[in-house]
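**Q** What follows is start-v5.cif; its format and atoms are mmCIF, C-alpha atoms.
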```
data_run
#
loop_
_atom_site.group_PDB
_atom_site.id
_atom_site.type_symbol
_atom_site.label_atom_id
_atom_site.label_comp_id
_atom_site.auth_asym_id
_atom_site.auth_seq_id
_atom_site.Cartn_x
_atom_site.Cartn_y
_atom_site.Cartn_z
ATOM 1 C CA MET R 1 -33.184 25.243 -6.416
ATOM 2 C CA THR R 2 -33.108 23.024 -9.484
ATOM 3 C CA HIS R 3 -34.698 23.871 -12.807
ATOM 4 C CA ILE R 4 -37.448 21.273 -12.462
ATOM 5 C CA LYS R 5 -38.322 22.152 -8.860
ATOM 6 C CA ASP R 6 -38.668 25.797 -9.856
ATOM 7 C CA ALA R 7 -40.731 24.882 -12.937
ATOM 8 C CA ILE R 8 -43.176 22.791 -10.909
ATOM 9 C CA GLU R 9 -43.494 25.315 -8.100
ATOM 10 C CA SER R 10 -43.948 28.137 -10.621
ATOM 11 C CA ALA R 11 -46.705 26.250 -12.477
ATOM 12 C CA ASP R 12 -44.735 26.362 -15.737
ATOM 13 C CA ASN R 13 -46.302 23.075 -16.933
ATOM 14 C CA PRO R 14 -43.038 21.133 -17.273
ATOM 15 C CA LEU R 15 -42.797 17.998 -19.410
ATOM 16 C CA GLY R 16 -40.767 14.860 -18.842
ATOM 17 C CA THR R 17 -40.449 11.343 -20.149
ATOM 18 C CA TRP R 18 -40.021 7.944 -18.495
ATOM 19 C CA ILE R 19 -36.714 6.070 -18.545
ATOM 20 C CA SER R 20 -36.606 2.383 -17.633
ATOM 21 C CA VAL R 21 -33.576 1.306 -19.679
ATOM 22 C CA GLY R 22 -30.620 1.492 -17.312
ATOM 23 C CA HIS R 23 -27.963 2.853 -19.628
ATOM 24 C CA PRO R 24 -26.297 6.300 -19.560
ATOM 25 C CA THR R 25 -26.571 6.620 -23.343
ATOM 26 C CA ILE R 26 -30.368 6.588 -23.106
ATOM 27 C CA ALA R 27 -30.288 9.230 -20.376
ATOM 28 C CA GLU R 28 -27.731 11.437 -22.127
ATOM 29 C CA ALA R 29 -29.414 11.248 -25.535
ATOM 30 C CA THR R 30 -32.897 11.943 -24.170
ATOM 31 C CA ALA R 31 -31.634 14.792 -22.000
ATOM 32 C CA GLN R 32 -30.511 16.613 -25.161
ATOM 33 C CA LEU R 33 -34.149 17.021 -26.189
ATOM 34 C CA ASP R 34 -36.320 19.946 -25.161
ATOM 35 C CA LEU R 35 -37.503 18.283 -21.948
ATOM 36 C CA ASP R 36 -37.616 19.650 -18.432
ATOM 37 C CA PHE R 37 -36.819 16.329 -16.772
ATOM 38 C CA LEU R 38 -36.330 12.599 -17.072
ATOM 39 C CA LEU R 39 -37.967 10.214 -14.632
ATOM 40 C CA VAL R 40 -35.636 7.253 -14.073
ATOM 41 C CA ASP R 41 -37.444 4.286 -12.571
ATOM 42 C CA MET R 42 -35.812 2.114 -9.918
ATOM 43 C CA GLU R 43 -39.062 0.625 -8.618
ATOM 44 C CA HIS R 44 -39.871 -1.738 -11.466
ATOM 45 C CA THR R 45 -36.449 -2.172 -13.058
ATOM 46 C CA THR R 46 -33.149 -3.855 -12.172
ATOM 47 C CA MET R 47 -31.201 -0.591 -11.922
ATOM 48 C CA ASP R 48 -28.709 -0.277 -9.073
ATOM 49 C CA LEU R 49 -27.054 2.797 -7.587
ATOM 50 C CA GLU R 50 -24.000 2.635 -9.840
ATOM 51 C CA THR R 51 -26.306 2.673 -12.864
ATOM 52 C CA ILE R 52 -28.205 5.663 -11.496
ATOM 53 C CA GLU R 53 -24.931 7.507 -10.896
ATOM 54 C CA SER R 54 -23.759 6.823 -14.464
ATOM 55 C CA MET R 55 -27.087 8.021 -15.840
ATOM 56 C CA ALA R 56 -26.873 11.181 -13.739
ATOM 57 C CA ARG R 57 -23.476 11.873 -15.278
ATOM 58 C CA GLY R 58 -24.997 11.361 -18.719
ATOM 59 C CA VAL R 59 -27.766 13.857 -18.015
ATOM 60 C CA ASP R 60 -25.302 16.383 -16.599
ATOM 61 C CA ALA R 61 -23.126 15.996 -19.707
ATOM 62 C CA ALA R 62 -25.980 16.812 -22.072
ATOM 63 C CA PRO R 63 -26.507 20.445 -23.126
ATOM 64 C CA GLY R 64 -29.561 22.218 -21.773
ATOM 65 C CA ASP R 65 -31.439 22.286 -18.487
ATOM 66 C CA THR R 66 -32.952 18.804 -18.381
ATOM 67 C CA ASP R 67 -32.960 17.446 -14.826
ATOM 68 C CA MET R 68 -33.088 13.884 -13.559
ATOM 69 C CA ILE R 69 -35.654 12.620 -11.071
ATOM 70 C CA VAL R 70 -35.446 9.102 -9.646
ATOM 71 C CA ARG R 71 -38.399 7.001 -8.622
ATOM 72 C CA VAL R 72 -37.094 4.985 -5.700
ATOM 73 C CA PRO R 73 -38.449 1.502 -4.911
ATOM 74 C CA TRP R 74 -40.046 2.489 -1.598
ATOM 75 C CA ASN R 75 -40.402 5.182 1.048
ATOM 76 C CA ASP R 76 -37.241 3.996 2.776
ATOM 77 C CA PRO R 77 -34.799 6.502 4.313
ATOM 78 C CA VAL R 78 -31.765 4.349 3.501
ATOM 79 C CA ARG R 79 -32.659 4.035 -0.188
ATOM 80 C CA LEU R 80 -33.564 7.715 -0.373
ATOM 81 C CA LYS R 81 -30.320 8.827 1.265
ATOM 82 C CA ARG R 82 -28.163 6.859 -1.144
ATOM 83 C CA VAL R 83 -30.014 8.164 -4.210
ATOM 84 C CA ILE R 84 -29.951 11.839 -3.261
ATOM 85 C CA ASP R 85 -26.273 11.592 -2.309
ATOM 86 C CA ILE R 86 -25.707 11.042 -6.044
ATOM 87 C CA GLY R 87 -26.900 14.589 -6.628
ATOM 88 C CA VAL R 88 -30.140 14.080 -8.580
ATOM 89 C CA ALA R 89 -32.682 16.887 -8.800
ATOM 90 C CA GLY R 90 -35.514 15.066 -7.118
ATOM 91 C CA VAL R 91 -37.226 11.861 -6.104
ATOM 92 C CA MET R 92 -40.612 10.290 -6.656
ATOM 93 C CA VAL R 93 -41.815 7.912 -3.964
ATOM 94 C CA PRO R 94 -44.468 5.252 -4.649
ATOM 95 C CA MET R 95 -47.516 4.303 -2.597
ATOM 96 C CA VAL R 96 -47.640 7.278 -0.227
ATOM 97 C CA GLY R 97 -50.852 6.704 1.678
ATOM 98 C CA SER R 98 -50.992 9.168 4.574
ATOM 99 C CA ALA R 99 -49.712 12.448 5.938
ATOM 100 C CA GLU R 100 -47.518 10.490 8.359
ATOM 101 C CA GLU R 101 -45.827 8.658 5.500
ATOM 102 C CA ALA R 102 -45.351 11.953 3.676
ATOM 103 C CA GLU R 103 -43.742 13.460 6.774
ATOM 104 C CA GLU R 104 -41.354 10.476 6.975
ATOM 105 C CA LEU R 105 -40.445 11.048 3.326
ATOM 106 C CA VAL R 106 -39.630 14.709 3.883
ATOM 107 C CA ARG R 107 -37.568 13.935 6.989
ATOM 108 C CA SER R 108 -35.566 11.346 5.050
ATOM 109 C CA LEU R 109 -34.479 14.030 2.584
ATOM 110 C CA ARG R 110 -33.457 16.657 5.131
ATOM 111 C CA TYR R 111 -30.428 17.024 7.350
ATOM 112 C CA PRO R 112 -30.829 17.486 11.120
ATOM 113 C CA PRO R 113 -32.408 19.164 12.913
ATOM 114 C CA ASP R 114 -35.207 19.128 10.297
ATOM 115 C CA GLY R 115 -34.709 15.511 9.309
ATOM 116 C CA ILE R 116 -32.681 12.330 9.587
ATOM 117 C CA ARG R 117 -30.501 12.396 6.461
ATOM 118 C CA GLY R 118 -26.962 11.294 7.274
ATOM 119 C CA ILE R 119 -24.199 13.833 6.678
ATOM 120 C CA ALA R 120 -21.278 12.748 4.506
ATOM 121 C CA GLY R 121 -19.245 13.741 1.490
ATOM 122 C CA SER R 122 -20.743 12.476 -1.781
ATOM 123 C CA ARG R 123 -21.186 13.325 -5.423
ATOM 124 C CA ALA R 124 -23.900 15.770 -4.329
ATOM 125 C CA THR R 125 -21.254 17.701 -2.362
ATOM 126 C CA ARG R 126 -18.764 17.509 -5.249
ATOM 127 C CA TYR R 127 -17.004 14.806 -3.232
ATOM 128 C CA GLY R 128 -16.551 17.179 -0.333
ATOM 129 C CA LYS R 129 -15.377 20.239 -2.272
ATOM 130 C CA ASN R 130 -18.477 22.207 -1.238
ATOM 131 C CA PHE R 131 -19.390 20.034 1.735
ATOM 132 C CA GLU R 132 -20.374 22.708 4.251
ATOM 133 C CA GLU R 133 -22.158 24.865 1.691
ATOM 134 C CA TYR R 134 -24.223 21.930 0.441
ATOM 135 C CA VAL R 135 -25.180 20.626 3.885
ATOM 136 C CA THR R 136 -26.318 24.054 5.050
ATOM 137 C CA SER R 137 -28.417 24.741 1.948
ATOM 138 C CA ALA R 138 -29.698 21.327 0.799
ATOM 139 C CA ASN R 139 -32.823 21.112 2.962
ATOM 140 C CA GLY R 140 -35.836 21.860 0.805
ATOM 141 C CA SER R 141 -33.822 21.941 -2.428
ATOM 142 C CA ILE R 142 -34.666 18.404 -3.593
ATOM 143 C CA LEU R 143 -37.890 18.050 -5.560
ATOM 144 C CA THR R 144 -40.134 15.762 -3.525
ATOM 145 C CA ILE R 145 -43.003 13.999 -5.301
ATOM 146 C CA ALA R 146 -45.474 11.732 -3.497
ATOM 147 C CA GLN R 147 -47.227 9.171 -5.662
ATOM 148 C CA ILE R 148 -50.922 8.692 -4.981
ATOM 149 C CA GLU R 149 -51.803 5.266 -6.340
ATOM 150 C CA THR R 150 -53.924 3.475 -3.739
ATOM 151 C CA GLU R 151 -57.438 3.959 -2.409
ATOM 152 C CA ARG R 152 -55.951 4.964 0.938
ATOM 153 C CA GLY R 153 -53.685 7.496 -0.718
ATOM 154 C CA MET R 154 -56.606 8.910 -2.697
ATOM 155 C CA GLU R 155 -58.677 9.312 0.473
ATOM 156 C CA ASN R 156 -55.779 11.110 2.192
ATOM 157 C CA ALA R 157 -54.491 13.052 -0.817
ATOM 158 C CA GLN R 158 -55.255 16.505 0.544
ATOM 159 C CA GLU R 159 -53.546 15.725 3.860
ATOM 160 C CA VAL R 160 -50.500 14.354 2.027
ATOM 161 C CA ALA R 161 -50.322 17.453 -0.161
ATOM 162 C CA ALA R 162 -50.554 19.711 2.877
ATOM 163 C CA VAL R 163 -47.396 18.283 4.447
ATOM 164 C CA GLU R 164 -44.645 20.899 4.360
ATOM 165 C CA GLY R 165 -41.927 19.747 2.000
ATOM 166 C CA ILE R 166 -44.162 17.802 -0.388
ATOM 167 C CA ASP R 167 -43.730 19.644 -3.667
ATOM 168 C CA SER R 168 -46.131 17.647 -5.803
ATOM 169 C CA LEU R 169 -48.548 14.766 -5.985
ATOM 170 C CA PHE R 170 -48.353 12.282 -8.839
ATOM 171 C CA VAL R 171 -51.230 10.061 -9.914
ATOM 172 C CA GLY R 172 -50.073 6.520 -10.704
ATOM 173 C CA PRO R 173 -52.873 5.389 -13.035
ATOM 174 C CA ALA R 174 -52.159 1.652 -13.225
ATOM 175 C CA ASP R 175 -51.825 0.982 -9.501
ATOM 176 C CA LEU R 176 -54.672 3.351 -8.650
ATOM 177 C CA SER R 177 -57.032 1.588 -11.046
ATOM 178 C CA GLY R 178 -56.018 -1.778 -9.604
ATOM 179 C CA SER R 179 -56.443 -0.592 -6.024
ATOM 180 C CA LEU R 180 -59.935 0.674 -6.826
ATOM 181 C CA GLY R 181 -60.973 -2.614 -8.439
ATOM 182 C CA MET R 182 -61.201 -1.129 -11.921
ATOM 183 C CA PHE R 183 -57.864 -2.024 -13.479
ATOM 184 C CA ALA R 184 -57.268 -0.413 -16.884
ATOM 185 C CA GLU R 185 -60.760 1.086 -17.003
ATOM 186 C CA TRP R 186 -59.162 4.344 -18.067
ATOM 187 C CA ASP R 187 -62.282 5.742 -19.714
ATOM 188 C CA SER R 188 -64.789 4.866 -17.015
ATOM 189 C CA ALA R 189 -66.621 7.666 -15.237
ATOM 190 C CA GLU R 190 -65.744 6.153 -11.850
ATOM 191 C CA PHE R 191 -62.026 6.164 -12.549
ATOM 192 C CA ASP R 192 -62.182 9.662 -13.969
ATOM 193 C CA GLU R 193 -63.883 10.847 -10.775
ATOM 194 C CA ALA R 194 -61.181 9.222 -8.649
ATOM 195 C CA VAL R 195 -58.403 10.914 -10.618
ATOM 196 C CA GLN R 196 -60.221 14.233 -10.533
ATOM 197 C CA SER R 197 -60.574 14.027 -6.759
ATOM 198 C CA ILE R 198 -56.779 13.756 -6.408
ATOM 199 C CA ILE R 199 -56.233 16.734 -8.710
ATOM 200 C CA ASP R 200 -58.773 18.765 -6.740
ATOM 201 C CA ASP R 201 -57.264 17.769 -3.381
ATOM 202 C CA GLY R 202 -53.784 18.713 -4.536
ATOM 203 C CA HIS R 203 -54.954 22.076 -5.791
ATOM 204 C CA ALA R 204 -56.906 22.676 -2.582
ATOM 205 C CA ALA R 205 -53.554 22.425 -0.775
ATOM 206 C CA ASP R 206 -51.920 24.615 -3.448
ATOM 207 C CA VAL R 207 -49.759 21.705 -4.594
ATOM 208 C CA PRO R 208 -49.354 20.778 -8.277
ATOM 209 C CA VAL R 209 -50.378 17.364 -9.545
ATOM 210 C CA GLY R 210 -48.835 15.358 -12.379
ATOM 211 C CA THR R 211 -49.358 12.022 -14.082
ATOM 212 C CA LEU R 212 -48.053 9.681 -16.767
ATOM 213 C CA THR R 213 -49.536 9.177 -20.209
ATOM 214 C CA THR R 214 -48.082 6.300 -22.197
ATOM 215 C CA ASP R 215 -50.197 7.417 -25.162
ATOM 216 C CA ILE R 216 -48.319 10.364 -26.665
ATOM 217 C CA GLY R 217 -50.971 11.209 -29.230
ATOM 218 C CA ALA R 218 -52.233 14.771 -29.324
ATOM 219 C CA ASP R 219 -55.701 13.816 -28.039
ATOM 220 C CA ALA R 220 -54.336 11.861 -25.077
ATOM 221 C CA ILE R 221 -52.003 14.653 -23.994
ATOM 222 C CA GLU R 222 -54.684 17.304 -24.472
ATOM 223 C CA SER R 223 -57.138 15.309 -22.357
ATOM 224 C CA ARG R 224 -54.654 15.193 -19.451
ATOM 225 C CA VAL R 225 -54.097 18.936 -19.703
ATOM 226 C CA ASP R 226 -57.848 19.512 -19.811
ATOM 227 C CA GLN R 227 -58.257 17.380 -16.678
ATOM 228 C CA GLY R 228 -56.181 19.945 -14.817
ATOM 229 C CA PHE R 229 -52.823 18.213 -14.462
ATOM 230 C CA ASP R 230 -49.983 20.681 -13.907
ATOM 231 C CA PHE R 231 -47.230 18.586 -15.507
ATOM 232 C CA LEU R 232 -46.896 15.385 -17.479
ATOM 233 C CA ILE R 233 -44.565 12.484 -18.074
ATOM 234 C CA ALA R 234 -45.216 11.527 -21.686
ATOM 235 C CA GLY R 235 -44.171 8.142 -23.014
ATOM 236 C CA LYS R 236 -41.893 5.355 -21.792
ATOM 237 C CA ASP R 237 -38.599 4.621 -23.484
ATOM 238 C CA VAL R 238 -39.155 0.909 -24.195
ATOM 239 C CA ALA R 239 -42.711 1.467 -25.445
ATOM 240 C CA LEU R 240 -41.601 4.345 -27.660
ATOM 241 C CA LEU R 241 -38.853 2.193 -29.153
ATOM 242 C CA MET R 242 -41.174 -0.736 -29.797
ATOM 243 C CA ASP R 243 -43.890 1.483 -31.262
ATOM 244 C CA SER R 244 -41.395 3.087 -33.634
ATOM 245 C CA VAL R 245 -40.090 -0.290 -34.806
ATOM 246 C CA GLU R 246 -43.646 -1.518 -35.365
ATOM 247 C CA VAL R 247 -44.297 1.560 -37.526
ATOM 248 C CA ALA R 248 -41.207 0.696 -39.573
ATOM 249 C CA ILE R 249 -42.387 -2.927 -39.907
ATOM 250 C CA ASP R 250 -45.835 -1.824 -41.099
ATOM 251 C CA ASN R 251 -44.401 0.730 -43.521
ATOM 252 C CA TYR R 252 -42.056 -1.859 -45.002
ATOM 253 C CA ALA R 253 -44.895 -4.362 -45.413
ATOM 254 C CA ASP R 254 -47.022 -1.689 -47.108
ATOM 255 C CA ALA R 255 -44.172 -0.849 -49.464
ATOM 256 C CA LEU R 256 -43.743 -4.500 -50.467
ATOM 257 C CA ASP R 257 -47.472 -4.800 -51.158
ATOM 258 C CA LYS R 258 -47.438 -1.925 -53.649
ATOM 259 C CA PRO R 259 -47.722 -3.017 -57.272
ATOM 260 C CA VAL R 260 -44.454 -2.691 -59.153
ATOM 261 C CA SER R 261 -44.612 -0.009 -61.856
ATOM 262 C CA ALA R 262 -44.110 -1.339 -65.389
ATOM 263 C CA SER R 263 -40.842 -0.152 -66.835
ATOM 264 C CA ASP R 264 -40.909 2.015 -69.924
ATOM 265 C CA ASP R 265 -40.035 0.235 -73.187
#
```
Taking this structure as input, can you express it in the form of structure tokens?

**A**
Amino acid sequence: MTHIKDAIESADNPLGTWISVGHPTIAEATAQLDLDFLLVDMEHTTMDLETIESMARGVDAAPGDTDMIVRVPWNDPVRLKRVIDIGVAGVMVPMVGSAEEAEELVRSLRYPPDGIRGIAGSRATRYGKNFEEYVTSANGSILTIAQIETERGMENAQEVAAVEGIDSLFVGPADLSGSLGMFAEWDSAEFDEAVQSIIDDGHAADVPVGTLTTDIGADAIESRVDQGFDFLIAGKDVALLMDSVEVAIDNYADALDKPVSASDD
């Protein structure tokens, strides 16, 4: 079992951050911080499998226990197989809308007879060095996160969570708000009720629920914790970079606006 899978199952409130820049330096540098995991996004980026493999090497090279989770583009057994053969700690799958789709996801990650994952040597098996050991022990070892981000998924959240092998639900705020016809209405009572229903359904099935907050301010993070989320992804790499540069720009402008002190005669 990986560090992050154990942390989520043990309700240790793990913390991660979002990586959308496809470069191993970003992954390696961020993995050196006191984080439980990185979420590397393949759904809305141009990253390919070779990039993901290089980033996995970067994370593995960093000191500490930070794990790497990959959000795949879709609930597709071929895509899933190729990603987990790299040896990442887990996967997040978008737009899971029913128990049947959740069952397909779990089967894609498991070797026969429990699933349909193809058997082959790969980086996950140390290129065949521990082939038999890995194949006989891999089922159930990969963190499996189902994203709930549609009205259909919200309505079926408890059934999705109850599927054996689903380790966690994850609320995708942007897509969920769009699906419900209230895009970006983050503070509306209706959206809050929708999010709360997913948290409650996950907990009713004894499955932890996480989400993303792009606002890393203390109030924003505290509000997510108070909502009942069991783990968070805080911040996105590109947004954090841009925000930091904007702070530097503002600070420089403020410094230039200060009156120059008269020199002593």

**Q** Need to verify the contact set: region 172-181 of chain R, 8 Å, all atoms listed in the file, exclusion of same-chain residues closer than 5 positions in sequence. Can you return it as a PDB file with C-alpha atoms, keeping the file's coordinate frame?

**A**
```pdb
ATOM      1  CA  GLN R 147     -47.227   9.171  -5.662  1.00  0.00           C
ATOM      2  CA  ILE R 148     -50.922   8.692  -4.981  1.00  0.00           C
ATOM      3  CA  GLU R 149     -51.803   5.266  -6.340  1.00  0.00           C
ATOM      4  CA  THR R 150     -53.924   3.475  -3.739  1.00  0.00           C
ATOM      5  CA  GLU R 151     -57.438   3.959  -2.409  1.00  0.00           C
ATOM      6  CA  TRP R 186     -59.162   4.344 -18.067  1.00  0.00           C
ATOM      7  CA  PHE R 191     -62.026   6.164 -12.549  1.00  0.00           C
ATOM      8  CA  THR R 211     -49.358  12.022 -14.082  1.00  0.00           C
ATOM      9  CA  LEU R 212     -48.053   9.681 -16.767  1.00  0.00           C
TER      10      LEU R 212
END
```

**Q** Here's the selection I'm unsure about, the PyMOL selection byres ((chain R and resi 39) around 9); applied to the file above, which residues does it give, as an mmCIF file with C-alpha atoms, in the coordinates of the input?

**A**
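Output saved as part16.cif:
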```cif
data_model
loop_
_atom_site.group_PDB
_atom_site.id
_atom_site.type_symbol
_atom_site.label_atom_id
_atom_site.label_comp_id
_atom_site.auth_asym_id
_atom_site.auth_seq_id
_atom_site.Cartn_x
_atom_site.Cartn_y
_atom_site.Cartn_z
ATOM 1 C CA GLY R 16 -40.767 14.860 -18.842
ATOM 2 C CA THR R 17 -40.449 11.343 -20.149
ATOM 3 C CA TRP R 18 -40.021 7.944 -18.495
ATOM 4 C CA ILE R 19 -36.714 6.070 -18.545
ATOM 5 C CA SER R 20 -36.606 2.383 -17.633
ATOM 6 C CA PHE R 37 -36.819 16.329 -16.772
ATOM 7 C CA LEU R 38 -36.330 12.599 -17.072
ATOM 8 C CA VAL R 40 -35.636 7.253 -14.073
ATOM 9 C CA ASP R 41 -37.444 4.286 -12.571
ATOM 10 C CA ASP R 67 -32.960 17.446 -14.826
ATOM 11 C CA MET R 68 -33.088 13.884 -13.559
ATOM 12 C CA ILE R 69 -35.654 12.620 -11.071
ATOM 13 C CA VAL R 70 -35.446 9.102 -9.646
ATOM 14 C CA ARG R 71 -38.399 7.001 -8.622
ATOM 15 C CA VAL R 91 -37.226 11.861 -6.104
ATOM 16 C CA MET R 92 -40.612 10.290 -6.656
ATOM 17 C CA ILE R 233 -44.565 12.484 -18.074
#
```

**Q** For CA of Val59 (chain R) and CA of Arg123 (chain R), quote the distance in Å rounded to one decimal.

**A**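 So the answer is 14.2 Å.
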
**Q** Please, what distance in Å, to one decimal, runs between CA of Leu240 (chain R) and CA of Pro14 (chain R)?

**A**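 Taking CA of Leu240 (chain R) as the start and CA of Pro14 (chain R) as the end point, the length is 19.8 Å.
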
**Q** Just so the selection is clear, what residues does the PyMOL selection byres ((chain R and resi 7) around 12) cover here, as a list in words?

**A** Met1, Thr2, His3, Ile4, Lys5, Asp6, Ile8, Glu9, Ser10, Ala11, Asp12, Asn13, Pro14, Leu15, Gly16, Leu35, Asp36, Phe37, Asp65, Thr66, Asp67, Leu143, Asp167, Ser168, Pro208, Asp230 and Phe231 of chain R

**Q** Enumerate, as a ChimeraX atom specification, the residues matched when the PyMOL selection byres ((chain R and resi 136-140) around 9) is run on the file above.

**A** /R:1,106,109-111,114-115,131-135,141-144,165

**Q** Could you tell me how far CA of Asp76 (chain R) sits from CA of Leu105 (chain R), in Å to one decimal place?

**A** 7.8 Å

**Q** Given all atoms listed in the file as the basis, pick out the residue of R:Phe170, R:Ile249, R:Pro94, R:Pro63 nearest to Asp34 (chain R).

**A**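 Distance minimum relative to Asp34 (chain R) lands on R:Pro63.
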
**Q** What would the list of residues within 12 Å of (-23.6, 14.8, -16.7) (file frame) look like as a list of chain:residue names, if only C-alpha atoms are what count?

**A**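 Within the cut-off we find R:Pro24, R:Thr25, R:Ala27, R:Glu28, R:Ala29, R:Ala31, R:Gln32, R:Ile52, R:Glu53, R:Ser54, R:Met55, R:Ala56, R:Arg57, R:Gly58, R:Val59, R:Asp60, R:Ala61, R:Ala62, R:Pro63, R:Gly64, R:Asp65, R:Thr66, R:Asp67, R:Met68, R:Ile86, R:Gly87, R:Val88, R:Arg123.
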
**Q** Please, could you write that set of residues out with C-alpha atoms as a compact mmCIF listing (two decimals), in the frame of the given file?

**A**
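Dumped to selection.txt:
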```txt
# COMPACT_ATOMS: atom_id res chain seq x y z
CA PRO R 24 -26.30 6.30 -19.56
CA THR R 25 -26.57 6.62 -23.34
CA ALA R 27 -30.29 9.23 -20.38
CA GLU R 28 -27.73 11.44 -22.13
CA ALA R 29 -29.41 11.25 -25.54
CA ALA R 31 -31.63 14.79 -22.00
CA GLN R 32 -30.51 16.61 -25.16
CA ILE R 52 -28.20 5.66 -11.50
CA GLU R 53 -24.93 7.51 -10.90
CA SER R 54 -23.76 6.82 -14.46
CA MET R 55 -27.09 8.02 -15.84
CA ALA R 56 -26.87 11.18 -13.74
CA ARG R 57 -23.48 11.87 -15.28
CA GLY R 58 -25.00 11.36 -18.72
CA VAL R 59 -27.77 13.86 -18.02
CA ASP R 60 -25.30 16.38 -16.60
CA ALA R 61 -23.13 16.00 -19.71
CA ALA R 62 -25.98 16.81 -22.07
CA PRO R 63 -26.51 20.44 -23.13
CA GLY R 64 -29.56 22.22 -21.77
CA ASP R 65 -31.44 22.29 -18.49
CA THR R 66 -32.95 18.80 -18.38
CA ASP R 67 -32.96 17.45 -14.83
CA MET R 68 -33.09 13.88 -13.56
CA ILE R 86 -25.71 11.04 -6.04
CA GLY R 87 -26.90 14.59 -6.63
CA VAL R 88 -30.14 14.08 -8.58
CA ARG R 123 -21.19 13.32 -5.42
```

**Q** Draw an axis-aligned box over all listed atoms of region 159-165 of chain R, pad each side with 8 Å, and write its centre and edge lengths in Å, one decimal, as lines of an AutoDock Vina configuration file.

**A**
```
center_x = -47.7
center_y = 17.6
center_z = 2.1
size_x = 27.6
size_y = 22.5
size_z = 20.6
```

**Q** Do a neighbour search on Leu169 (chain R) at 6 Å with all atoms listed in the file, toss out local chain neighbours closer than 2 positions, and write the hits as a JSON list (two decimals) with C-alpha atoms, in the coordinates of the input.

**A**
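The file below, out33.json, is the result:
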```
[["chain", "number", "residue", "atom", "x", "y", "z"],
["R", 145, "ILE", "CA", -43.00, 14.00, -5.30],
["R", 146, "ALA", "CA", -45.47, 11.73, -3.50],
["R", 147, "GLN", "CA", -47.23, 9.17, -5.66],
["R", 209, "VAL", "CA", -50.38, 17.36, -9.54]]
```

**Q** Please produce region 219-231 of chain R, completed to N, CA and C atoms, as a CSV table (one decimal), in the frame of the given file.

**A**
```
chain,number,residue,atom,x,y,z
R,219,ASP,N,-54.4,13.9,-28.8
R,219,ASP,CA,-55.7,13.8,-28.0
R,219,ASP,C,-55.5,13.4,-26.6
R,220,ALA,N,-54.6,12.4,-26.4
R,220,ALA,CA,-54.3,11.9,-25.1
R,220,ALA,C,-53.7,12.9,-24.2
R,221,ILE,N,-52.7,13.6,-24.8
R,221,ILE,CA,-52.0,14.7,-24.0
R,221,ILE,C,-53.0,15.8,-23.7
R,222,GLU,N,-53.7,16.2,-24.7
R,222,GLU,CA,-54.7,17.3,-24.5
R,222,GLU,C,-55.7,17.0,-23.4
R,223,SER,N,-56.1,15.7,-23.4
R,223,SER,CA,-57.1,15.3,-22.4
R,223,SER,C,-56.6,15.4,-20.9
R,224,ARG,N,-55.3,15.1,-20.8
R,224,ARG,CA,-54.7,15.2,-19.5
R,224,ARG,C,-54.5,16.7,-19.0
R,225,VAL,N,-54.2,17.5,-20.0
R,225,VAL,CA,-54.1,18.9,-19.7
R,225,VAL,C,-55.5,19.5,-19.3
R,226,ASP,N,-56.5,19.0,-20.1
R,226,ASP,CA,-57.8,19.5,-19.8
R,226,ASP,C,-58.4,19.0,-18.5
R,227,GLN,N,-57.9,17.9,-18.0
R,227,GLN,CA,-58.3,17.4,-16.7
R,227,GLN,C,-57.8,18.3,-15.6
R,228,GLY,N,-56.7,19.0,-15.8
R,228,GLY,CA,-56.2,19.9,-14.8
R,228,GLY,C,-54.8,19.6,-14.3
R,229,PHE,N,-54.2,18.6,-14.9
R,229,PHE,CA,-52.8,18.2,-14.5
R,229,PHE,C,-51.9,19.4,-14.7
R,230,ASP,N,-50.9,19.6,-13.8
R,230,ASP,CA,-50.0,20.7,-13.9
R,230,ASP,C,-48.7,20.3,-14.6
R,231,PHE,N,-48.4,19.0,-14.7
R,231,PHE,CA,-47.2,18.6,-15.5
R,231,PHE,C,-47.4,17.1,-15.9
```
